[in-house]
>>> print(open('final.pdb').read())   # PDB, C-alpha atoms, pLDDT in the B column
ATOM      1  CA  MET A   1      55.475  54.621  26.483  1.00 38.00           C
ATOM      2  CA  LYS A   2      54.778  53.304  29.953  1.00 41.00           C
ATOM      3  CA  SER A   3      55.568  55.478  32.925  1.00 39.00           C
ATOM      4  CA  SER A   4      59.040  54.602  34.163  1.00 44.00           C
ATOM      5  CA  ALA A   5      62.350  55.960  35.234  1.00 52.00           C
ATOM      6  CA  LEU A   6      64.273  56.969  32.128  1.00 51.00           C
ATOM      7  CA  HIS A   7      68.009  57.258  31.609  1.00 49.00           C
ATOM      8  CA  VAL A   8      68.264  59.567  28.574  1.00 51.00           C
ATOM      9  CA  ILE A   9      71.578  59.830  26.735  1.00 47.00           C
ATOM     10  CA  GLN A  10      72.189  61.767  23.534  1.00 48.00           C
ATOM     11  CA  ASP A  11      75.189  60.978  21.379  1.00 46.00           C
ATOM     12  CA  GLU A  12      76.672  64.442  21.705  1.00 43.00           C
ATOM     13  CA  ASP A  13      77.055  63.714  25.442  1.00 40.00           C
ATOM     14  CA  ILE A  14      79.097  60.550  24.840  1.00 38.00           C
ATOM     15  CA  PHE A  15      82.875  60.762  24.968  1.00 37.00           C
ATOM     16  CA  ILE A  16      84.303  57.613  23.429  1.00 39.00           C
ATOM     17  CA  SER A  17      87.376  56.879  21.343  1.00 42.00           C
ATOM     18  CA  GLY A  18      85.400  55.234  18.544  1.00 62.00           C
ATOM     19  CA  VAL A  19      82.189  53.500  17.631  1.00 86.00           C
ATOM     20  CA  ASP A  20      83.640  50.186  16.484  1.00 92.00           C
ATOM     21  CA  THR A  21      82.954  47.104  18.547  1.00 94.00           C
ATOM     22  CA  PRO A  22      86.268  46.214  20.264  1.00 94.00           C
ATOM     23  CA  LEU A  23      87.610  43.177  18.420  1.00 94.00           C
ATOM     24  CA  ARG A  24      91.040  41.585  18.222  1.00 92.00           C
ATOM     25  CA  GLU A  25      92.848  41.522  14.884  1.00 92.00           C
ATOM     26  CA  ASP A  26      92.506  37.723  14.749  1.00 93.00           C
ATOM     27  CA  ALA A  27      88.759  37.786  15.486  1.00 92.00           C
ATOM     28  CA  PHE A  28      87.859  36.076  12.212  1.00 91.00           C
ATOM     29  CA  TYR A  29      90.653  33.507  11.939  1.00 94.00           C
ATOM     30  CA  LEU A  30      88.457  30.691  13.251  1.00 95.00           C
ATOM     31  CA  ASP A  31      85.482  29.390  11.311  1.00 95.00           C
ATOM     32  CA  ASP A  32      82.067  29.112  12.956  1.00 96.00           C
ATOM     33  CA  GLU A  33      82.248  25.363  13.550  1.00 97.00           C
ATOM     34  CA  THR A  34      85.593  25.651  15.331  1.00 97.00           C
ATOM     35  CA  LYS A  35      84.276  28.496  17.467  1.00 97.00           C
ATOM     36  CA  MET A  36      81.234  26.427  18.436  1.00 98.00           C
ATOM     37  CA  GLU A  37      83.376  23.439  19.386  1.00 98.00           C
ATOM     38  CA  MET A  38      85.611  25.592  21.584  1.00 98.00           C
ATOM     39  CA  ILE A  39      82.704  27.402  23.247  1.00 98.00           C
ATOM     40  CA  GLU A  40      80.916  24.092  23.852  1.00 98.00           C
ATOM     41  CA  GLU A  41      83.965  22.684  25.634  1.00 98.00           C
ATOM     42  CA  ARG A  42      84.429  25.757  27.797  1.00 98.00           C
ATOM     43  CA  PHE A  43      80.742  26.107  28.648  1.00 98.00           C
ATOM     44  CA  ARG A  44      80.730  22.462  29.690  1.00 98.00           C
ATOM     45  CA  ASP A  45      83.535  23.349  32.098  1.00 98.00           C
ATOM     46  CA  ILE A  46      81.488  26.254  33.505  1.00 98.00           C
ATOM     47  CA  MET A  47      78.476  24.008  34.088  1.00 98.00           C
ATOM     48  CA  ASN A  48      80.683  21.412  35.786  1.00 98.00           C
ATOM     49  CA  ILE A  49      82.207  24.086  38.040  1.00 98.00           C
ATOM     50  CA  LEU A  50      78.664  25.148  39.018  1.00 98.00           C
ATOM     51  CA  GLY A  51      77.995  21.560  40.058  1.00 98.00           C
ATOM     52  CA  LEU A  52      75.430  20.696  37.393  1.00 98.00           C
ATOM     53  CA  ASP A  53      74.953  17.072  36.355  1.00 98.00           C
ATOM     54  CA  LEU A  54      75.727  16.950  32.650  1.00 98.00           C
ATOM     55  CA  THR A  55      74.525  13.364  32.376  1.00 97.00           C
ATOM     56  CA  ASP A  56      70.970  14.591  32.993  1.00 98.00           C
ATOM     57  CA  ASP A  57      68.803  14.469  29.842  1.00 97.00           C
ATOM     58  CA  SER A  58      67.822  18.113  30.249  1.00 98.00           C
ATOM     59  CA  LEU A  59      71.414  19.365  30.565  1.00 98.00           C
ATOM     60  CA  LYS A  60      73.622  17.093  28.485  1.00 97.00           C
ATOM     61  CA  ASP A  61      73.156  19.039  25.213  1.00 98.00           C
ATOM     62  CA  THR A  62      73.125  22.493  26.782  1.00 98.00           C
ATOM     63  CA  PRO A  63      76.810  23.297  26.066  1.00 98.00           C
ATOM     64  CA  ARG A  64      76.299  22.668  22.353  1.00 98.00           C
ATOM     65  CA  ARG A  65      73.039  24.621  22.297  1.00 98.00           C
ATOM     66  CA  VAL A  66      74.689  27.603  23.991  1.00 98.00           C
ATOM     67  CA  ALA A  67      77.644  27.477  21.604  1.00 98.00           C
ATOM     68  CA  LYS A  68      75.367  27.450  18.565  1.00 98.00           C
ATOM     69  CA  MET A  69      73.240  30.248  19.999  1.00 98.00           C
ATOM     70  CA  TYR A  70      76.299  32.421  20.610  1.00 98.00           C
ATOM     71  CA  VAL A  71      77.861  31.980  17.180  1.00 98.00           C
ATOM     72  CA  LYS A  72      74.848  31.618  14.891  1.00 97.00           C
ATOM     73  CA  GLU A  73      72.278  33.771  16.645  1.00 97.00           C
ATOM     74  CA  ILE A  74      72.771  36.315  19.416  1.00 97.00           C
ATOM     75  CA  PHE A  75      76.388  37.242  18.530  1.00 98.00           C
ATOM     76  CA  SER A  76      76.178  36.662  14.776  1.00 97.00           C
ATOM     77  CA  GLY A  77      76.580  40.412  14.212  1.00 97.00           C
ATOM     78  CA  LEU A  78      80.254  40.103  15.139  1.00 96.00           C
ATOM     79  CA  ASN A  79      80.935  38.389  11.813  1.00 95.00           C
ATOM     80  CA  PRO A  80      81.045  40.846   8.885  1.00 94.00           C
ATOM     81  CA  ALA A  81      80.007  37.990   6.601  1.00 94.00           C
ATOM     82  CA  ASN A  82      76.542  38.347   8.141  1.00 96.00           C
ATOM     83  CA  LYS A  83      76.225  42.045   7.339  1.00 95.00           C
ATOM     84  CA  PRO A  84      73.018  42.578   5.328  1.00 95.00           C
ATOM     85  CA  SER A  85      73.384  43.306   1.639  1.00 93.00           C
ATOM     86  CA  ILE A  86      71.712  46.625   0.850  1.00 92.00           C
ATOM     87  CA  SER A  87      70.453  47.713  -2.572  1.00 91.00           C
ATOM     88  CA  LEU A  88      69.808  51.383  -3.246  1.00 92.00           C
ATOM     89  CA  PHE A  89      66.973  52.633  -5.416  1.00 93.00           C
ATOM     90  CA  GLU A  90      66.577  56.018  -6.994  1.00 93.00           C
ATOM     91  CA  ASN A  91      63.976  58.183  -5.298  1.00 92.00           C
ATOM     92  CA  LYS A  92      61.903  58.390  -8.491  1.00 91.00           C
ATOM     93  CA  TYR A  93      58.817  59.601  -6.643  1.00 89.00           C
ATOM     94  CA  GLN A  94      60.751  62.623  -5.339  1.00 90.00           C
ATOM     95  CA  TYR A  95      59.580  61.962  -1.791  1.00 93.00           C
ATOM     96  CA  ASN A  96      61.484  64.596   0.171  1.00 91.00           C
ATOM     97  CA  GLN A  97      59.881  64.250   3.612  1.00 95.00           C
ATOM     98  CA  MET A  98      61.131  62.043   6.412  1.00 96.00           C
ATOM     99  CA  LEU A  99      60.559  58.308   6.294  1.00 97.00           C
ATOM    100  CA  VAL A 100      60.081  56.768   9.728  1.00 98.00           C
ATOM    101  CA  GLU A 101      60.387  53.104  10.673  1.00 97.00           C
ATOM    102  CA  LYS A 102      59.318  52.855  14.305  1.00 97.00           C
ATOM    103  CA  ASP A 103      58.977  50.169  16.967  1.00 98.00           C
ATOM    104  CA  ILE A 104      61.669  47.941  15.447  1.00 98.00           C
ATOM    105  CA  THR A 105      62.110  44.972  17.777  1.00 97.00           C
ATOM    106  CA  LEU A 106      65.567  45.001  19.312  1.00 96.00           C
ATOM    107  CA  TYR A 107      67.354  42.188  21.145  1.00 97.00           C
ATOM    108  CA  SER A 108      70.961  42.643  22.147  1.00 98.00           C
ATOM    109  CA  ASN A 109      73.287  41.650  24.981  1.00 97.00           C
ATOM    110  CA  CYS A 110      75.106  43.809  27.491  1.00 96.00           C
ATOM    111  CA  GLU A 111      78.854  43.441  27.008  1.00 96.00           C
ATOM    112  CA  HIS A 112      79.469  43.927  30.738  1.00 95.00           C
ATOM    113  CA  HIS A 113      77.443  40.952  31.994  1.00 95.00           C
ATOM    114  CA  PHE A 114      76.318  39.121  28.819  1.00 96.00           C
ATOM    115  CA  VAL A 115      72.643  39.400  29.704  1.00 95.00           C
ATOM    116  CA  PRO A 116      69.883  40.640  27.377  1.00 95.00           C
ATOM    117  CA  ILE A 117      69.005  44.163  26.342  1.00 96.00           C
ATOM    118  CA  VAL A 118      65.408  44.212  25.109  1.00 97.00           C
ATOM    119  CA  GLY A 119      63.677  47.161  23.507  1.00 97.00           C
ATOM    120  CA  LYS A 120      62.781  48.927  20.317  1.00 98.00           C
ATOM    121  CA  ALA A 121      64.432  51.255  17.854  1.00 98.00           C
ATOM    122  CA  HIS A 122      62.905  54.146  15.934  1.00 98.00           C
ATOM    123  CA  VAL A 123      64.712  55.212  12.775  1.00 98.00           C
ATOM    124  CA  ALA A 124      64.110  58.027  10.294  1.00 98.00           C
ATOM    125  CA  TYR A 125      65.876  59.455   7.266  1.00 98.00           C
ATOM    126  CA  ILE A 126      65.305  62.098   4.627  1.00 97.00           C
ATOM    127  CA  SER A 127      66.308  60.968   1.147  1.00 95.00           C
ATOM    128  CA  ASN A 128      69.249  62.570  -0.590  1.00 94.00           C
ATOM    129  CA  GLY A 129      68.249  60.955  -3.870  1.00 94.00           C
ATOM    130  CA  TYR A 130      68.172  57.293  -2.790  1.00 94.00           C
ATOM    131  CA  VAL A 131      65.910  54.961  -0.814  1.00 94.00           C
ATOM    132  CA  ILE A 132      66.223  51.406   0.504  1.00 95.00           C
ATOM    133  CA  GLY A 133      63.710  48.639   1.131  1.00 93.00           C
ATOM    134  CA  LEU A 134      61.992  49.028   4.490  1.00 94.00           C
ATOM    135  CA  SER A 135      63.046  45.588   5.754  1.00 95.00           C
ATOM    136  CA  LYS A 136      66.690  46.559   5.245  1.00 96.00           C
ATOM    137  CA  ILE A 137      66.376  49.142   8.006  1.00 97.00           C
ATOM    138  CA  ASN A 138      65.270  46.391  10.391  1.00 97.00           C
ATOM    139  CA  ARG A 139      68.139  44.181   9.228  1.00 97.00           C
ATOM    140  CA  ILE A 140      70.700  46.915   9.890  1.00 97.00           C
ATOM    141  CA  VAL A 141      69.330  47.358  13.411  1.00 98.00           C
ATOM    142  CA  GLN A 142      69.427  43.621  14.047  1.00 98.00           C
ATOM    143  CA  TYR A 143      72.929  43.188  12.628  1.00 98.00           C
ATOM    144  CA  TYR A 144      74.468  45.700  15.005  1.00 98.00           C
ATOM    145  CA  ALA A 145      72.320  44.516  17.917  1.00 98.00           C
ATOM    146  CA  LYS A 146      73.533  40.919  17.565  1.00 98.00           C
ATOM    147  CA  ARG A 147      76.822  41.417  19.355  1.00 97.00           C
ATOM    148  CA  PRO A 148      77.910  42.305  22.888  1.00 97.00           C
ATOM    149  CA  GLN A 149      76.883  45.944  23.126  1.00 97.00           C
ATOM    150  CA  VAL A 150      76.426  49.115  25.060  1.00 96.00           C
ATOM    151  CA  GLN A 151      73.341  51.027  24.014  1.00 97.00           C
ATOM    152  CA  GLU A 152      75.201  54.259  23.275  1.00 97.00           C
ATOM    153  CA  ARG A 153      77.505  52.557  20.779  1.00 97.00           C
ATOM    154  CA  LEU A 154      74.646  50.620  19.201  1.00 98.00           C
ATOM    155  CA  THR A 155      72.731  53.849  18.569  1.00 98.00           C
ATOM    156  CA  ILE A 156      75.686  55.464  16.819  1.00 97.00           C
ATOM    157  CA  GLN A 157      76.564  52.346  14.794  1.00 97.00           C
ATOM    158  CA  ILE A 158      73.043  52.140  13.376  1.00 97.00           C
ATOM    159  CA  ALA A 159      73.037  55.846  12.518  1.00 97.00           C
ATOM    160  CA  GLU A 160      76.465  55.786  10.881  1.00 97.00           C
ATOM    161  CA  GLU A 161      75.597  52.721   8.818  1.00 96.00           C
ATOM    162  CA  LEU A 162      72.390  54.331   7.564  1.00 97.00           C
ATOM    163  CA  LYS A 163      74.271  57.493   6.608  1.00 97.00           C
ATOM    164  CA  ALA A 164      76.843  55.490   4.676  1.00 95.00           C
ATOM    165  CA  VAL A 165      74.294  53.278   2.932  1.00 95.00           C
ATOM    166  CA  LEU A 166      71.820  56.039   2.057  1.00 95.00           C
ATOM    167  CA  LYS A 167      74.478  58.653   1.220  1.00 95.00           C
ATOM    168  CA  THR A 168      72.719  61.204   3.411  1.00 96.00           C
ATOM    169  CA  GLU A 169      73.441  62.980   6.676  1.00 97.00           C
ATOM    170  CA  HIS A 170      69.721  63.347   7.422  1.00 98.00           C
ATOM    171  CA  VAL A 171      69.283  60.477   9.886  1.00 98.00           C
ATOM    172  CA  ALA A 172      67.657  60.080  13.299  1.00 98.00           C
ATOM    173  CA  VAL A 173      67.800  57.082  15.640  1.00 98.00           C
ATOM    174  CA  VAL A 174      66.141  56.636  19.032  1.00 98.00           C
ATOM    175  CA  ILE A 175      66.489  53.452  21.067  1.00 98.00           C
ATOM    176  CA  GLU A 176      64.565  52.701  24.256  1.00 97.00           C
ATOM    177  CA  ALA A 177      65.433  49.497  26.044  1.00 96.00           C
ATOM    178  CA  GLU A 178      65.380  47.570  29.284  1.00 95.00           C
ATOM    179  CA  HIS A 179      68.676  46.114  30.491  1.00 92.00           C
ATOM    180  CA  LEU A 180      68.535  42.851  32.387  1.00 90.00           C
ATOM    181  CA  CYS A 181      71.855  43.725  34.030  1.00 89.00           C
ATOM    182  CA  VAL A 182      69.777  46.367  35.840  1.00 84.00           C
ATOM    183  CA  SER A 183      66.505  44.471  36.306  1.00 83.00           C
ATOM    184  CA  SER A 184      67.638  40.889  37.000  1.00 86.00           C
ATOM    185  CA  ARG A 185      70.799  41.517  39.054  1.00 85.00           C
ATOM    186  CA  GLY A 186      72.486  44.288  41.003  1.00 84.00           C
ATOM    187  CA  ILE A 187      69.941  46.980  41.790  1.00 85.00           C
ATOM    188  CA  GLN A 188      67.096  44.805  40.403  1.00 85.00           C
ATOM    189  CA  ASP A 189      65.101  47.785  39.168  1.00 84.00           C
ATOM    190  CA  ILE A 190      62.389  46.407  36.885  1.00 83.00           C
ATOM    191  CA  SER A 191      60.735  49.733  36.033  1.00 80.00           C
ATOM    192  CA  SER A 192      63.546  51.765  34.439  1.00 87.00           C
ATOM    193  CA  GLN A 193      64.368  52.170  30.763  1.00 92.00           C
ATOM    194  CA  THR A 194      67.364  53.622  28.983  1.00 94.00           C
ATOM    195  CA  VAL A 195      66.813  55.969  26.032  1.00 96.00           C
ATOM    196  CA  THR A 196      69.560  56.978  23.589  1.00 97.00           C
ATOM    197  CA  SER A 197      69.350  59.167  20.513  1.00 97.00           C
ATOM    198  CA  HIS A 198      71.318  60.345  17.495  1.00 98.00           C
ATOM    199  CA  TYR A 199      70.333  63.286  15.281  1.00 98.00           C
ATOM    200  CA  SER A 200      72.239  64.562  12.280  1.00 98.00           C
ATOM    201  CA  GLY A 201      71.676  66.685   9.188  1.00 98.00           C
ATOM    202  CA  LYS A 202      68.198  68.198   9.031  1.00 98.00           C
ATOM    203  CA  PHE A 203      67.238  66.422  12.262  1.00 98.00           C
ATOM    204  CA  LEU A 204      69.420  68.887  14.152  1.00 98.00           C
ATOM    205  CA  ASN A 205      66.708  71.418  13.318  1.00 98.00           C
ATOM    206  CA  GLU A 206      64.332  71.568  16.278  1.00 97.00           C
ATOM    207  CA  GLN A 207      61.175  71.587  14.157  1.00 98.00           C
ATOM    208  CA  THR A 208      62.249  68.543  12.137  1.00 98.00           C
ATOM    209  CA  ARG A 209      63.368  66.705  15.243  1.00 97.00           C
ATOM    210  CA  ASN A 210      60.093  67.450  17.018  1.00 98.00           C
ATOM    211  CA  GLU A 211      58.126  66.149  14.029  1.00 98.00           C
ATOM    212  CA  PHE A 212      60.065  62.893  14.227  1.00 98.00           C
ATOM    213  CA  LEU A 213      59.525  62.595  17.980  1.00 98.00           C
ATOM    214  CA  SER A 214      55.807  63.270  17.512  1.00 98.00           C
ATOM    215  CA  LEU A 215      55.551  60.536  14.874  1.00 97.00           C
ATOM    216  CA  ILE A 216      57.122  57.974  17.203  1.00 97.00           C
ATOM    217  CA  GLY A 217      54.874  59.074  20.066  1.00 94.00           C
ATOM    218  CA  LYS A 218      57.360  61.001  22.187  1.00 86.00           C
TER     219      LYS A 218
END
>>> encode(input="final.pdb", output="structure tokens")
Amino acid sequence: MKSSALHVIQDEDIFISGVDTPLREDAFYLDDETKMEMIEERFRDIMNILGLDLTDDSLKDTPRRVAKMYVKEIFSGLNPANKPSISLFENKYQYNQMLVEKDITLYSNCEHHFVPIVGKAHVAYISNGYVIGLSKINRIVQYYAKRPQVQERLTIQIAEELKAVLKTEHVAVVIEAEHLCVSSRGIQDISSQTVTSHYSGKFLNEQTRNEFLSLIGK
């Protein structure tokens, strides 16, 4: 990892009321097309307020593009219909060591300023009798990343989902990311990274945890 200022947060240091993304009870009453139409109209208003010429060829379709991007892409993880379907397989090979999936590309958005969070996730688990396809780990990371987020919550959501899916407490998650709300505005610090971690089950053992950190190059 490049030399940089690091903000390191472990989940046991986080005092929050819950790990669910804050959503209203009526969050899913509107279908995607209706949401896109409403966002398009309101983003058009924002662009007009900023003084942009929406008759310009380069700008006239921007409200629709932004609306589609919000609903179908970068915030698609808000819709539980997009949650990845996970199939479990018996651990027939009796592999009882940790499995590590590292350097998973992570794109999310800060819920405070709606600007990107860009980084990578490292995930490990020790089988309790079941395994999942490797790509499903990436899909779980992406599903929870594709919503307005804070990195602490994202770390815990990924870990809790893996525990539930794999039926094991032996899970580790480390996320390291750059926040554009830090680098592109405000303090404009382009060299810092934020690192969050979650360890449970056997990963609370120092030797096991250190093996995991060694495997991901920490």
>>> closest_atom_pairs(input="final.pdb", of="stretch 121-199 of chain A", to="stretch 94-105 of chain A", cutoff="8 Å", atoms="all atoms listed in the file", output="tab-separated table")
residue	atom	partner	partner_atom	distance
A:Ala121	CA	A:Ile104	CA	4.9
A:His122	CA	A:Lys102	CA	4.1
A:Val123	CA	A:Glu101	CA	5.3
A:Ala124	CA	A:Val100	CA	4.3
A:Tyr125	CA	A:Met98	CA	5.5
A:Ile126	CA	A:Met98	CA	4.5
A:Ser127	CA	A:Asn96	CA	6.1
A:Gly129	CA	A:Gln94	CA	7.8
A:Leu134	CA	A:Glu101	CA	7.6
A:Ile137	CA	A:Glu101	CA	7.7
A:Asn138	CA	A:Ile104	CA	6.4
A:Val141	CA	A:Ile104	CA	7.9
>>> resolve_selection(input="final.pdb", expression="the PyMOL selection byres ((chain A and resi 80) around 12)", output="mmCIF file with C-alpha atoms, keeping the file's coordinate frame")
data_model
loop_
_atom_site.group_PDB
_atom_site.id
_atom_site.type_symbol
_atom_site.label_atom_id
_atom_site.label_comp_id
_atom_site.auth_asym_id
_atom_site.auth_seq_id
_atom_site.Cartn_x
_atom_site.Cartn_y
_atom_site.Cartn_z
ATOM 1 C CA THR A 21 82.954 47.104 18.547
ATOM 2 C CA LEU A 23 87.610 43.177 18.420
ATOM 3 C CA ALA A 27 88.759 37.786 15.486
ATOM 4 C CA PHE A 28 87.859 36.076 12.212
ATOM 5 C CA PHE A 75 76.388 37.242 18.530
ATOM 6 C CA SER A 76 76.178 36.662 14.776
ATOM 7 C CA GLY A 77 76.580 40.412 14.212
ATOM 8 C CA LEU A 78 80.254 40.103 15.139
ATOM 9 C CA ASN A 79 80.935 38.389 11.813
ATOM 10 C CA ALA A 81 80.007 37.990 6.601
ATOM 11 C CA ASN A 82 76.542 38.347 8.141
ATOM 12 C CA LYS A 83 76.225 42.045 7.339
ATOM 13 C CA PRO A 84 73.018 42.578 5.328
ATOM 14 C CA SER A 85 73.384 43.306 1.639
ATOM 15 C CA TYR A 143 72.929 43.188 12.628
ATOM 16 C CA TYR A 144 74.468 45.700 15.005
ATOM 17 C CA LYS A 146 73.533 40.919 17.565
ATOM 18 C CA ARG A 147 76.822 41.417 19.355
#
>>> closest_residue(input="final.pdb", among="A:Pro148, A:Pro63, A:Gly51, A:Pro116", to="A:Ser184", atoms="only C-alpha atoms")
A:Pro116
>>> resolve_selection(input="final.pdb", expression="the PyMOL selection byres ((chain A and resi 202) around 12)", output="short mmCIF file (atom, residue, chain, number, x, y, z; two decimals) with C-alpha atoms, in the frame of the given file")
data_model
loop_
_atom_site.label_atom_id
_atom_site.label_comp_id
_atom_site.auth_asym_id
_atom_site.auth_seq_id
_atom_site.Cartn_x
_atom_site.Cartn_y
_atom_site.Cartn_z
CA ASN A 96 61.48 64.60 0.17
CA GLN A 97 59.88 64.25 3.61
CA MET A 98 61.13 62.04 6.41
CA ALA A 124 64.11 58.03 10.29
CA TYR A 125 65.88 59.46 7.27
CA ILE A 126 65.31 62.10 4.63
CA SER A 127 66.31 60.97 1.15
CA ASN A 128 69.25 62.57 -0.59
CA THR A 168 72.72 61.20 3.41
CA GLU A 169 73.44 62.98 6.68
CA HIS A 170 69.72 63.35 7.42
CA VAL A 171 69.28 60.48 9.89
CA ALA A 172 67.66 60.08 13.30
CA HIS A 198 71.32 60.34 17.50
CA TYR A 199 70.33 63.29 15.28
CA SER A 200 72.24 64.56 12.28
CA GLY A 201 71.68 66.68 9.19
CA PHE A 203 67.24 66.42 12.26
CA LEU A 204 69.42 68.89 14.15
CA ASN A 205 66.71 71.42 13.32
CA GLU A 206 64.33 71.57 16.28
CA GLN A 207 61.18 71.59 14.16
CA THR A 208 62.25 68.54 12.14
CA ARG A 209 63.37 66.70 15.24
CA ASN A 210 60.09 67.45 17.02
CA GLU A 211 58.13 66.15 14.03
CA PHE A 212 60.06 62.89 14.23
#
>>> closest_residue(input="final.pdb", among="A:Val174, A:Asn91, A:Arg153, A:Leu30", to="A:Gly133", atoms="all atoms listed in the file")
A:Asn91
>>> axis_aligned_box(input="final.pdb", around="stretch 164-171 of chain A", padding_each_side="3 Å", output="JSON")
{"center_x": 73.1, "center_y": 58.3, "center_z": 5.6, "size_x": 13.6, "size_y": 16.1, "size_z": 14.7}
>>> atom_distance(input="final.pdb", atom1="atom CA of A:Arg44", atom2="atom CA of A:Lys72")
18.4 Å
>>> closest_residue(input="final.pdb", among="A:Leu59, A:Ile216, A:Ala67, A:Ile140", to="A:Ile39", atoms="only C-alpha atoms")
A:Ala67
>>> atom_distance(input="final.pdb", atom1="atom CA of A:Glu176", atom2="atom CA of A:Ser191")
12.7 Å
>>> resolve_selection(input="final.pdb", expression="the PyMOL selection byres ((chain A and resi 183) around 12)", output="ChimeraX atom specification")
/A:115-118,177-182,184-194
>>> closest_residue(input="final.pdb", among="A:Leu213, A:Ile46, A:Ile175, A:Ile86", to="A:Val195", atoms="all atoms listed in the file")
A:Ile175
